[in-house]
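Undergrad: Quick one: structure below, then a few questions.
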Amino acid sequence: MDYPNDQAPGAPVRSGIPEHGRIPKYYAVKARIDRLVGELGEDRPIPTERDLSEEYGVARETVRQALRELVLEGKLRRRGRGTVVAGPKLEQPLSLASYTEGVRRQGRTPGRTLVGLERFPCPDALAAETGLSRGEPVWHLERVLLADEERVGLESTYVAVARVPRLDTDFDPDSSFYAYLQSLDLAFGDADERIETVLATPREALLIGTPPALPMLLIHRVSRDAQGRPLERVRSLYRGDRFSFTAHLNG
């Protein structure tokens, strides 16, 4: 089996080719399907597993493994009993900007579905992380993130009741929380952010509508206002197959 040119020595990326030069059969198939994906447009169906196995002269399980990886990488997506080309990933900036702004910049329609809004005394762990006082009332706002009505993430926001006392009556859960804070003249000063790769819990996978084995990008953020006082603590879980993150760095 010949391999695509983008796997040859000297290519920009030689992913998949060990130093001994032997490449797994499924990966060679994956590279060829990946090239086919680049030739097709978004939402175009790819050939069936049977057709691909016959075309490449490999077992259907080999094709199946290649397709599974391309689905996990967000290049393909399942539709009914078939598989189609996925659209480009959403690029979210790593900055003090809202999810709404990031999605709109790419011509997509942002949205949110409320999971729950509850009020409870600030626990020790949250107090230690944010600088809030132990036992003071805090809100927990949990929402599913949408892009063009597609579920793409899950967001949990913790904020002191004293900062937004009417959150349960004045805030539209489908709108930007950052815009709501700005309407109250609460300005962001700085934030600490941490990103890690995780698997969703069964509850999270059910809310987002993904299989539990799909890798997720988890962002933890603790924000402060212009005076350095704690403002919010956010835990955002994004689908790894639908998101990438960007940052501008100065030297």
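Chain labels follow the order of the structure tokens: the first chain is A, the next B, and so on; residue numbering restarts at 1 in every chain, and ligands are counted from 1 in their shown order.
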Select from range 12-250 of chain A everything DSSP, run on the backbone, classes as strand (DSSP E), then give the selection as a VMD selection string.

TA: chain A and resid 76 to 79 82 to 85 90 to 93 110 to 121 137 to 147 150 to 160 188 to 199 215 to 225 230 to 239 243 to 246

Undergrad: Using only C-alpha atoms, which residues sit within 10 Å of range 181-187 of chain A once same-chain residues fewer than 3 positions away are excluded, as a VMD selection string?

TA: chain A and resid 163 to 164 167 171 176 to 178 190 224 to 227 231

Undergrad: Tell me which protein, DNA and RNA residues are within 9 Å of range 137-152 of chain A, counting only C-alpha atoms, leaving out same-chain ones fewer than 3 positions away, and put them as a PDB file with N, CA, C and O atoms, in the first residue's frame.

TA:
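The file below, part.pdb, is the result:
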ATOM      1  N   LEU A  90     -14.648  25.209  16.322  1.00  0.00           N
ATOM      2  CA  LEU A  90     -14.830  26.551  16.847  1.00  0.00           C
ATOM      3  C   LEU A  90     -13.553  26.983  17.552  1.00  0.00           C
ATOM      4  O   LEU A  90     -13.005  26.236  18.364  1.00  0.00           O
ATOM      5  N   TYR A  99     -18.009  33.559  25.995  1.00  0.00           N
ATOM      6  CA  TYR A  99     -18.267  32.507  25.015  1.00  0.00           C
ATOM      7  C   TYR A  99     -19.085  33.065  23.854  1.00  0.00           C
ATOM      8  O   TYR A  99     -18.830  32.742  22.685  1.00  0.00           O
ATOM      9  N   VAL A 103     -18.018  32.791  19.747  1.00  0.00           N
ATOM     10  CA  VAL A 103     -18.824  32.050  18.774  1.00  0.00           C
ATOM     11  C   VAL A 103     -19.337  32.969  17.679  1.00  0.00           C
ATOM     12  O   VAL A 103     -19.328  32.622  16.490  1.00  0.00           O
ATOM     13  N   ARG A 108     -21.306  31.957  13.880  1.00  0.00           N
ATOM     14  CA  ARG A 108     -22.219  30.972  14.452  1.00  0.00           C
ATOM     15  C   ARG A 108     -23.138  31.662  15.459  1.00  0.00           C
ATOM     16  O   ARG A 108     -22.844  32.748  15.966  1.00  0.00           O
ATOM     17  N   THR A 109     -24.242  31.033  15.759  1.00  0.00           N
ATOM     18  CA  THR A 109     -25.201  31.589  16.711  1.00  0.00           C
ATOM     19  C   THR A 109     -25.026  30.931  18.071  1.00  0.00           C
ATOM     20  O   THR A 109     -25.257  29.727  18.207  1.00  0.00           O
ATOM     21  N   PRO A 110     -24.594  31.696  19.088  1.00  0.00           N
ATOM     22  CA  PRO A 110     -24.417  31.112  20.417  1.00  0.00           C
ATOM     23  C   PRO A 110     -25.742  30.956  21.136  1.00  0.00           C
ATOM     24  O   PRO A 110     -26.720  31.651  20.844  1.00  0.00           O
ATOM     25  N   GLY A 111     -25.779  30.049  22.073  1.00  0.00           N
ATOM     26  CA  GLY A 111     -26.969  29.853  22.884  1.00  0.00           C
ATOM     27  C   GLY A 111     -26.623  29.059  24.129  1.00  0.00           C
ATOM     28  O   GLY A 111     -25.524  28.520  24.257  1.00  0.00           O
ATOM     29  N   ARG A 112     -27.564  29.002  25.047  1.00  0.00           N
ATOM     30  CA  ARG A 112     -27.366  28.255  26.282  1.00  0.00           C
ATOM     31  C   ARG A 112     -28.702  27.697  26.733  1.00  0.00           C
ATOM     32  O   ARG A 112     -29.738  28.317  26.533  1.00  0.00           O
ATOM     33  N   THR A 113     -28.622  26.548  27.363  1.00  0.00           N
ATOM     34  CA  THR A 113     -29.806  25.946  27.972  1.00  0.00           C
ATOM     35  C   THR A 113     -29.557  25.822  29.467  1.00  0.00           C
ATOM     36  O   THR A 113     -28.538  25.254  29.881  1.00  0.00           O
ATOM     37  N   LEU A 114     -30.445  26.365  30.265  1.00  0.00           N
ATOM     38  CA  LEU A 114     -30.266  26.334  31.715  1.00  0.00           C
ATOM     39  C   LEU A 114     -30.438  24.924  32.257  1.00  0.00           C
ATOM     40  O   LEU A 114     -31.437  24.259  31.991  1.00  0.00           O
ATOM     41  N   VAL A 115     -29.452  24.476  33.012  1.00  0.00           N
ATOM     42  CA  VAL A 115     -29.552  23.207  33.735  1.00  0.00           C
ATOM     43  C   VAL A 115     -30.062  23.465  35.148  1.00  0.00           C
ATOM     44  O   VAL A 115     -30.946  22.766  35.647  1.00  0.00           O
ATOM     45  N   GLY A 116     -29.513  24.488  35.796  1.00  0.00           N
ATOM     46  CA  GLY A 116     -29.966  24.809  37.145  1.00  0.00           C
ATOM     47  C   GLY A 116     -29.322  26.067  37.692  1.00  0.00           C
ATOM     48  O   GLY A 116     -28.226  26.457  37.285  1.00  0.00           O
ATOM     49  N   LEU A 117     -30.021  26.728  38.601  1.00  0.00           N
ATOM     50  CA  LEU A 117     -29.497  27.876  39.325  1.00  0.00           C
ATOM     51  C   LEU A 117     -29.857  27.678  40.794  1.00  0.00           C
ATOM     52  O   LEU A 117     -31.037  27.594  41.142  1.00  0.00           O
ATOM     53  N   GLU A 118     -28.827  27.545  41.624  1.00  0.00           N
ATOM     54  CA  GLU A 118     -29.070  27.297  43.041  1.00  0.00           C
ATOM     55  C   GLU A 118     -28.200  28.209  43.898  1.00  0.00           C
ATOM     56  O   GLU A 118     -27.184  28.728  43.444  1.00  0.00           O
ATOM     57  N   ARG A 119     -28.617  28.358  45.136  1.00  0.00           N
ATOM     58  CA  ARG A 119     -27.916  29.219  46.102  1.00  0.00           C
ATOM     59  C   ARG A 119     -27.570  28.385  47.312  1.00  0.00           C
ATOM     60  O   ARG A 119     -28.398  27.637  47.825  1.00  0.00           O
ATOM     61  N   PHE A 120     -26.305  28.495  47.768  1.00  0.00           N
ATOM     62  CA  PHE A 120     -25.882  27.719  48.924  1.00  0.00           C
ATOM     63  C   PHE A 120     -24.694  28.398  49.605  1.00  0.00           C
ATOM     64  O   PHE A 120     -24.048  29.273  48.999  1.00  0.00           O
ATOM     65  N   PRO A 121     -24.360  28.031  50.850  1.00  0.00           N
ATOM     66  CA  PRO A 121     -23.208  28.617  51.545  1.00  0.00           C
ATOM     67  C   PRO A 121     -21.910  28.198  50.871  1.00  0.00           C
ATOM     68  O   PRO A 121     -21.756  27.039  50.458  1.00  0.00           O
ATOM     69  N   CYS A 122     -20.982  29.113  50.758  1.00  0.00           N
ATOM     70  CA  CYS A 122     -19.706  28.841  50.097  1.00  0.00           C
ATOM     71  C   CYS A 122     -18.936  27.760  50.855  1.00  0.00           C
ATOM     72  O   CYS A 122     -18.616  27.923  52.035  1.00  0.00           O
ATOM     73  N   SER A 133     -15.488  34.280  51.313  1.00  0.00           N
ATOM     74  CA  SER A 133     -15.557  33.880  52.714  1.00  0.00           C
ATOM     75  C   SER A 133     -16.318  32.569  52.852  1.00  0.00           C
ATOM     76  O   SER A 133     -17.367  32.376  52.210  1.00  0.00           O
ATOM     77  N   ARG A 134     -15.809  31.693  53.680  1.00  0.00           N
ATOM     78  CA  ARG A 134     -16.485  30.427  53.924  1.00  0.00           C
ATOM     79  C   ARG A 134     -17.872  30.683  54.497  1.00  0.00           C
ATOM     80  O   ARG A 134     -18.041  31.459  55.431  1.00  0.00           O
ATOM     81  N   GLU A 155     -21.127  24.604  31.182  1.00  0.00           N
ATOM     82  CA  GLU A 155     -20.476  25.671  31.949  1.00  0.00           C
ATOM     83  C   GLU A 155     -21.094  25.800  33.337  1.00  0.00           C
ATOM     84  O   GLU A 155     -22.311  25.879  33.471  1.00  0.00           O
ATOM     85  N   SER A 156     -20.227  25.822  34.361  1.00  0.00           N
ATOM     86  CA  SER A 156     -20.651  26.045  35.740  1.00  0.00           C
ATOM     87  C   SER A 156     -20.001  27.326  36.246  1.00  0.00           C
ATOM     88  O   SER A 156     -18.782  27.461  36.191  1.00  0.00           O
ATOM     89  N   THR A 157     -20.834  28.255  36.721  1.00  0.00           N
ATOM     90  CA  THR A 157     -20.340  29.533  37.210  1.00  0.00           C
ATOM     91  C   THR A 157     -20.724  29.701  38.679  1.00  0.00           C
ATOM     92  O   THR A 157     -21.879  29.476  39.053  1.00  0.00           O
ATOM     93  N   TYR A 158     -19.736  30.092  39.499  1.00  0.00           N
ATOM     94  CA  TYR A 158     -19.966  30.369  40.913  1.00  0.00           C
ATOM     95  C   TYR A 158     -19.665  31.842  41.153  1.00  0.00           C
ATOM     96  O   TYR A 158     -18.604  32.342  40.769  1.00  0.00           O
ATOM     97  N   VAL A 159     -20.596  32.535  41.803  1.00  0.00           N
ATOM     98  CA  VAL A 159     -20.420  33.959  42.065  1.00  0.00           C
ATOM     99  C   VAL A 159     -21.130  34.301  43.370  1.00  0.00           C
ATOM    100  O   VAL A 159     -22.167  33.721  43.702  1.00  0.00           O
ATOM    101  N   ALA A 160     -20.549  35.224  44.121  1.00  0.00           N
ATOM    102  CA  ALA A 160     -21.136  35.616  45.403  1.00  0.00           C
ATOM    103  C   ALA A 160     -22.486  36.279  45.193  1.00  0.00           C
ATOM    104  O   ALA A 160     -22.654  37.121  44.300  1.00  0.00           O
ATOM    105  N   VAL A 161     -23.450  35.918  46.025  1.00  0.00           N
ATOM    106  CA  VAL A 161     -24.784  36.524  45.949  1.00  0.00           C
ATOM    107  C   VAL A 161     -24.700  38.026  46.174  1.00  0.00           C
ATOM    108  O   VAL A 161     -25.448  38.811  45.561  1.00  0.00           O
ATOM    109  N   ALA A 162     -23.773  38.441  47.009  1.00  0.00           N
ATOM    110  CA  ALA A 162     -23.631  39.867  47.296  1.00  0.00           C
ATOM    111  C   ALA A 162     -23.277  40.680  46.052  1.00  0.00           C
ATOM    112  O   ALA A 162     -23.630  41.862  45.953  1.00  0.00           O
ATOM    113  N   VAL A 164     -24.202  39.803  42.835  1.00  0.00           N
ATOM    114  CA  VAL A 164     -25.334  39.764  41.883  1.00  0.00           C
ATOM    115  C   VAL A 164     -26.571  39.259  42.629  1.00  0.00           C
ATOM    116  O   VAL A 164     -27.053  38.152  42.386  1.00  0.00           O
ATOM    117  N   LEU A 167     -29.715  37.769  40.575  1.00  0.00           N
ATOM    118  CA  LEU A 167     -29.389  36.891  39.448  1.00  0.00           C
ATOM    119  C   LEU A 167     -30.571  35.994  39.080  1.00  0.00           C
ATOM    120  O   LEU A 167     -30.802  35.711  37.904  1.00  0.00           O
ATOM    121  N   ASP A 168     -31.322  35.557  40.071  1.00  0.00           N
ATOM    122  CA  ASP A 168     -32.424  34.632  39.817  1.00  0.00           C
ATOM    123  C   ASP A 168     -33.644  35.304  39.192  1.00  0.00           C
ATOM    124  O   ASP A 168     -34.521  34.618  38.643  1.00  0.00           O
ATOM    125  N   PRO A 173     -31.037  33.349  31.357  1.00  0.00           N
ATOM    126  CA  PRO A 173     -30.052  32.262  31.298  1.00  0.00           C
ATOM    127  C   PRO A 173     -29.500  31.988  29.905  1.00  0.00           C
ATOM    128  O   PRO A 173     -28.444  31.371  29.762  1.00  0.00           O
ATOM    129  N   ASP A 174     -30.203  32.435  28.854  1.00  0.00           N
ATOM    130  CA  ASP A 174     -29.733  32.211  27.489  1.00  0.00           C
ATOM    131  C   ASP A 174     -28.771  33.302  27.025  1.00  0.00           C
ATOM    132  O   ASP A 174     -28.230  33.240  25.931  1.00  0.00           O
ATOM    133  N   LEU A 207     -25.718  15.365  29.412  1.00  0.00           N
ATOM    134  CA  LEU A 207     -26.145  16.746  29.210  1.00  0.00           C
ATOM    135  C   LEU A 207     -25.631  17.316  27.885  1.00  0.00           C
ATOM    136  O   LEU A 207     -26.346  18.059  27.190  1.00  0.00           O
ATOM    137  N   ILE A 208     -24.392  16.971  27.522  1.00  0.00           N
ATOM    138  CA  ILE A 208     -23.801  17.505  26.298  1.00  0.00           C
ATOM    139  C   ILE A 208     -24.209  16.672  25.082  1.00  0.00           C
ATOM    140  O   ILE A 208     -24.164  17.153  23.948  1.00  0.00           O
ATOM    141  N   GLY A 209     -24.609  15.429  25.330  1.00  0.00           N
ATOM    142  CA  GLY A 209     -25.039  14.574  24.228  1.00  0.00           C
ATOM    143  C   GLY A 209     -23.897  13.918  23.498  1.00  0.00           C
ATOM    144  O   GLY A 209     -23.925  13.777  22.271  1.00  0.00           O
ATOM    145  N   THR A 210     -22.864  13.491  24.238  1.00  0.00           N
ATOM    146  CA  THR A 210     -21.699  12.850  23.633  1.00  0.00           C
ATOM    147  C   THR A 210     -21.428  11.516  24.316  1.00  0.00           C
ATOM    148  O   THR A 210     -21.858  11.286  25.449  1.00  0.00           O
ATOM    149  N   LEU A 237     -16.524  23.039  30.319  1.00  0.00           N
ATOM    150  CA  LEU A 237     -16.191  21.770  29.687  1.00  0.00           C
ATOM    151  C   LEU A 237     -16.581  21.858  28.217  1.00  0.00           C
ATOM    152  O   LEU A 237     -17.754  22.079  27.892  1.00  0.00           O
ATOM    153  N   TYR A 238     -15.594  21.711  27.326  1.00  0.00           N
ATOM    154  CA  TYR A 238     -15.840  21.835  25.893  1.00  0.00           C
ATOM    155  C   TYR A 238     -15.552  20.506  25.181  1.00  0.00           C
ATOM    156  O   TYR A 238     -14.605  19.798  25.532  1.00  0.00           O
ATOM    157  N   ARG A 239     -16.349  20.216  24.168  1.00  0.00           N
ATOM    158  CA  ARG A 239     -16.110  19.023  23.357  1.00  0.00           C
ATOM    159  C   ARG A 239     -14.773  19.144  22.635  1.00  0.00           C
ATOM    160  O   ARG A 239     -14.525  20.112  21.905  1.00  0.00           O
ATOM    161  N   ARG A 242     -14.920  19.580  18.825  1.00  0.00           N
ATOM    162  CA  ARG A 242     -15.567  20.752  18.249  1.00  0.00           C
ATOM    163  C   ARG A 242     -14.875  22.064  18.595  1.00  0.00           C
ATOM    164  O   ARG A 242     -15.267  23.106  18.097  1.00  0.00           O
ATOM    165  N   PHE A 243     -13.842  22.009  19.461  1.00  0.00           N
ATOM    166  CA  PHE A 243     -13.209  23.248  19.892  1.00  0.00           C
ATOM    167  C   PHE A 243     -11.694  23.192  19.803  1.00  0.00           C
ATOM    168  O   PHE A 243     -11.067  22.148  19.997  1.00  0.00           O
TER     169      PHE A 243
END

Undergrad: Determine which residues of range 54-162 of chain A receive a DSSP assignment of helix (DSSP H, G or I), computed from the backbone, and state them as a PDB file with N, CA and C atoms, in the first residue's frame.

TA:
ATOM      1  N   GLU A  54     -13.087  -2.313   0.670  1.00  0.00           N
ATOM      2  CA  GLU A  54     -12.835  -2.890  -0.652  1.00  0.00           C
ATOM      3  C   GLU A  54     -11.866  -2.025  -1.448  1.00  0.00           C
ATOM      4  N   GLU A  55     -12.022  -0.706  -1.355  1.00  0.00           N
ATOM      5  CA  GLU A  55     -11.147   0.197  -2.115  1.00  0.00           C
ATOM      6  C   GLU A  55      -9.700   0.114  -1.653  1.00  0.00           C
ATOM      7  N   TYR A  56      -9.494   0.011  -0.331  1.00  0.00           N
ATOM      8  CA  TYR A  56      -8.140  -0.002   0.209  1.00  0.00           C
ATOM      9  C   TYR A  56      -7.596  -1.403   0.438  1.00  0.00           C
ATOM     10  N   ARG A  60     -12.692  -4.621   7.373  1.00  0.00           N
ATOM     11  CA  ARG A  60     -13.599  -3.559   7.801  1.00  0.00           C
ATOM     12  C   ARG A  60     -13.235  -3.035   9.185  1.00  0.00           C
ATOM     13  N   GLU A  61     -12.690  -3.886  10.060  1.00  0.00           N
ATOM     14  CA  GLU A  61     -12.286  -3.431  11.386  1.00  0.00           C
ATOM     15  C   GLU A  61     -11.149  -2.422  11.294  1.00  0.00           C
ATOM     16  N   THR A  62     -10.264  -2.578  10.299  1.00  0.00           N
ATOM     17  CA  THR A  62      -9.187  -1.614  10.086  1.00  0.00           C
ATOM     18  C   THR A  62      -9.771  -0.255   9.707  1.00  0.00           C
ATOM     19  N   VAL A  63     -10.747  -0.270   8.809  1.00  0.00           N
ATOM     20  CA  VAL A  63     -11.420   0.968   8.413  1.00  0.00           C
ATOM     21  C   VAL A  63     -12.155   1.562   9.605  1.00  0.00           C
ATOM     22  N   ARG A  64     -12.803   0.701  10.390  1.00  0.00           N
ATOM     23  CA  ARG A  64     -13.584   1.167  11.540  1.00  0.00           C
ATOM     24  C   ARG A  64     -12.691   1.900  12.544  1.00  0.00           C
ATOM     25  N   GLN A  65     -11.493   1.353  12.777  1.00  0.00           N
ATOM     26  CA  GLN A  65     -10.575   1.994  13.712  1.00  0.00           C
ATOM     27  C   GLN A  65     -10.130   3.363  13.187  1.00  0.00           C
ATOM     28  N   ALA A  66      -9.866   3.450  11.890  1.00  0.00           N
ATOM     29  CA  ALA A  66      -9.469   4.726  11.289  1.00  0.00           C
ATOM     30  C   ALA A  66     -10.591   5.752  11.406  1.00  0.00           C
ATOM     31  N   LEU A  67     -11.827   5.320  11.167  1.00  0.00           N
ATOM     32  CA  LEU A  67     -12.965   6.232  11.259  1.00  0.00           C
ATOM     33  C   LEU A  67     -13.192   6.693  12.696  1.00  0.00           C
ATOM     34  N   ARG A  68     -13.020   5.786  13.657  1.00  0.00           N
ATOM     35  CA  ARG A  68     -13.201   6.160  15.066  1.00  0.00           C
ATOM     36  C   ARG A  68     -12.262   7.291  15.452  1.00  0.00           C
ATOM     37  N   GLU A  69     -11.015   7.198  15.011  1.00  0.00           N
ATOM     38  CA  GLU A  69     -10.053   8.237  15.368  1.00  0.00           C
ATOM     39  C   GLU A  69     -10.391   9.567  14.690  1.00  0.00           C
ATOM     40  N   LEU A  70     -10.846   9.519  13.454  1.00  0.00           N
ATOM     41  CA  LEU A  70     -11.203  10.754  12.756  1.00  0.00           C
ATOM     42  C   LEU A  70     -12.436  11.404  13.375  1.00  0.00           C
ATOM     43  N   VAL A  71     -13.342  10.590  13.906  1.00  0.00           N
ATOM     44  CA  VAL A  71     -14.503  11.129  14.618  1.00  0.00           C
ATOM     45  C   VAL A  71     -14.048  11.801  15.916  1.00  0.00           C
ATOM     46  N   LEU A  72     -13.163  11.136  16.655  1.00  0.00           N
ATOM     47  CA  LEU A  72     -12.661  11.702  17.906  1.00  0.00           C
ATOM     48  C   LEU A  72     -11.897  13.002  17.668  1.00  0.00           C
ATOM     49  N   TYR A  99     -18.009  33.559  25.995  1.00  0.00           N
ATOM     50  CA  TYR A  99     -18.267  32.507  25.015  1.00  0.00           C
ATOM     51  C   TYR A  99     -19.085  33.065  23.854  1.00  0.00           C
ATOM     52  N   THR A 100     -20.035  33.921  24.158  1.00  0.00           N
ATOM     53  CA  THR A 100     -20.893  34.516  23.136  1.00  0.00           C
ATOM     54  C   THR A 100     -20.068  35.241  22.076  1.00  0.00           C
ATOM     55  N   GLU A 101     -19.119  36.058  22.515  1.00  0.00           N
ATOM     56  CA  GLU A 101     -18.303  36.835  21.580  1.00  0.00           C
ATOM     57  C   GLU A 101     -17.483  35.918  20.689  1.00  0.00           C
ATOM     58  N   GLY A 102     -16.892  34.880  21.280  1.00  0.00           N
ATOM     59  CA  GLY A 102     -16.049  33.970  20.512  1.00  0.00           C
ATOM     60  C   GLY A 102     -16.815  33.238  19.427  1.00  0.00           C
ATOM     61  N   VAL A 103     -18.018  32.791  19.747  1.00  0.00           N
ATOM     62  CA  VAL A 103     -18.824  32.050  18.774  1.00  0.00           C
ATOM     63  C   VAL A 103     -19.337  32.969  17.679  1.00  0.00           C
ATOM     64  N   ARG A 104     -19.786  34.163  18.040  1.00  0.00           N
ATOM     65  CA  ARG A 104     -20.317  35.099  17.042  1.00  0.00           C
ATOM     66  C   ARG A 104     -19.254  35.534  16.050  1.00  0.00           C
ATOM     67  N   ASP A 124     -15.669  25.163  51.839  1.00  0.00           N
ATOM     68  CA  ASP A 124     -14.258  25.450  52.111  1.00  0.00           C
ATOM     69  C   ASP A 124     -13.412  25.483  50.842  1.00  0.00           C
ATOM     70  N   ALA A 125     -13.599  24.480  49.962  1.00  0.00           N
ATOM     71  CA  ALA A 125     -12.753  24.377  48.775  1.00  0.00           C
ATOM     72  C   ALA A 125     -12.924  25.586  47.865  1.00  0.00           C
ATOM     73  N   LEU A 126     -14.158  26.032  47.678  1.00  0.00           N
ATOM     74  CA  LEU A 126     -14.412  27.194  46.821  1.00  0.00           C
ATOM     75  C   LEU A 126     -13.874  28.466  47.462  1.00  0.00           C
ATOM     76  N   ALA A 127     -14.005  28.576  48.770  1.00  0.00           N
ATOM     77  CA  ALA A 127     -13.477  29.748  49.478  1.00  0.00           C
ATOM     78  C   ALA A 127     -11.963  29.825  49.345  1.00  0.00           C
ATOM     79  N   ALA A 128     -11.282  28.681  49.481  1.00  0.00           N
ATOM     80  CA  ALA A 128      -9.825  28.664  49.379  1.00  0.00           C
ATOM     81  C   ALA A 128      -9.357  29.010  47.974  1.00  0.00           C
ATOM     82  N   GLU A 129     -10.115  28.622  46.992  1.00  0.00           N
ATOM     83  CA  GLU A 129      -9.716  28.834  45.608  1.00  0.00           C
ATOM     84  C   GLU A 129      -9.974  30.257  45.136  1.00  0.00           C
ATOM     85  N   THR A 130     -11.042  30.872  45.620  1.00  0.00           N
ATOM     86  CA  THR A 130     -11.453  32.165  45.096  1.00  0.00           C
ATOM     87  C   THR A 130     -11.166  33.344  46.010  1.00  0.00           C
TER      88      THR A 130
END

Undergrad: Just want the 6 Å neighbourhood of Pro215 in chain A, counted on only C-alpha atoms, with same-chain residues fewer than 2 positions away dropped. Output as a PyMOL selection string.

TA: chain A and resi 198-199+240

Undergrad: So what do you get for CA of Glu204 in chain A versus CA of Gly135 in chain A, distance-wise?

TA: 27.0 Å

Undergrad: For CA of Gln106 in chain A and CA of Pro93 in chain A, determine how far apart the two atoms are, in Å to one decimal place.

TA: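 Calculated distance between CA of Gln106 in chain A and CA of Pro93 in chain A is 11.5 Å.
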
Undergrad: Got a sec: who's within 9 Å of Asp34 in chain A, counting only C-alpha atoms, leaving out chain neighbours fewer than 4 positions off, as a ChimeraX atom specification?

TA: /A:29-30,38-39,70,75

Undergrad: Based on the selection just made, write N, CA and C atoms of those residues as a PDB file, in the first residue's frame.

TA:
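The file below, again_14.pdb, is the result:
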ATOM      1  N   VAL A  29      -4.644   3.812   6.351  1.00  0.00           N
ATOM      2  CA  VAL A  29      -6.025   3.992   5.892  1.00  0.00           C
ATOM      3  C   VAL A  29      -6.578   5.319   6.393  1.00  0.00           C
ATOM      4  N   LYS A  30      -6.310   5.639   7.657  1.00  0.00           N
ATOM      5  CA  LYS A  30      -6.778   6.898   8.234  1.00  0.00           C
ATOM      6  C   LYS A  30      -6.234   8.090   7.451  1.00  0.00           C
ATOM      7  N   GLY A  38     -10.566  16.098   3.120  1.00  0.00           N
ATOM      8  CA  GLY A  38     -10.157  17.416   2.656  1.00  0.00           C
ATOM      9  C   GLY A  38     -10.706  17.768   1.287  1.00  0.00           C
ATOM     10  N   GLU A  39     -11.034  16.758   0.490  1.00  0.00           N
ATOM     11  CA  GLU A  39     -11.564  16.995  -0.848  1.00  0.00           C
ATOM     12  C   GLU A  39     -13.073  17.188  -0.850  1.00  0.00           C
ATOM     13  N   LEU A  70     -10.846   9.519  13.454  1.00  0.00           N
ATOM     14  CA  LEU A  70     -11.203  10.754  12.756  1.00  0.00           C
ATOM     15  C   LEU A  70     -12.436  11.404  13.375  1.00  0.00           C
ATOM     16  N   LYS A  75     -12.941  15.479  12.723  1.00  0.00           N
ATOM     17  CA  LYS A  75     -12.926  15.637  11.265  1.00  0.00           C
ATOM     18  C   LYS A  75     -14.137  14.984  10.612  1.00  0.00           C
TER      19      LYS A  75
END

Undergrad: Just give me the gap between CA of His248 in chain A and CA of Thr197 in chain A in Å, one decimal is fine.

TA: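 Atom-to-atom, CA of His248 in chain A to CA of Thr197 in chain A, that is 21.1 Å.
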
Undergrad: With only C-alpha atoms as the basis for distance, which of A:Thr246, A:Asp241, A:Val85, A:Leu132 is at the shortest distance from Pro211 in chain A?

TA: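 Using only C-alpha atoms, Pro211 in chain A sits closest to A:Asp241.
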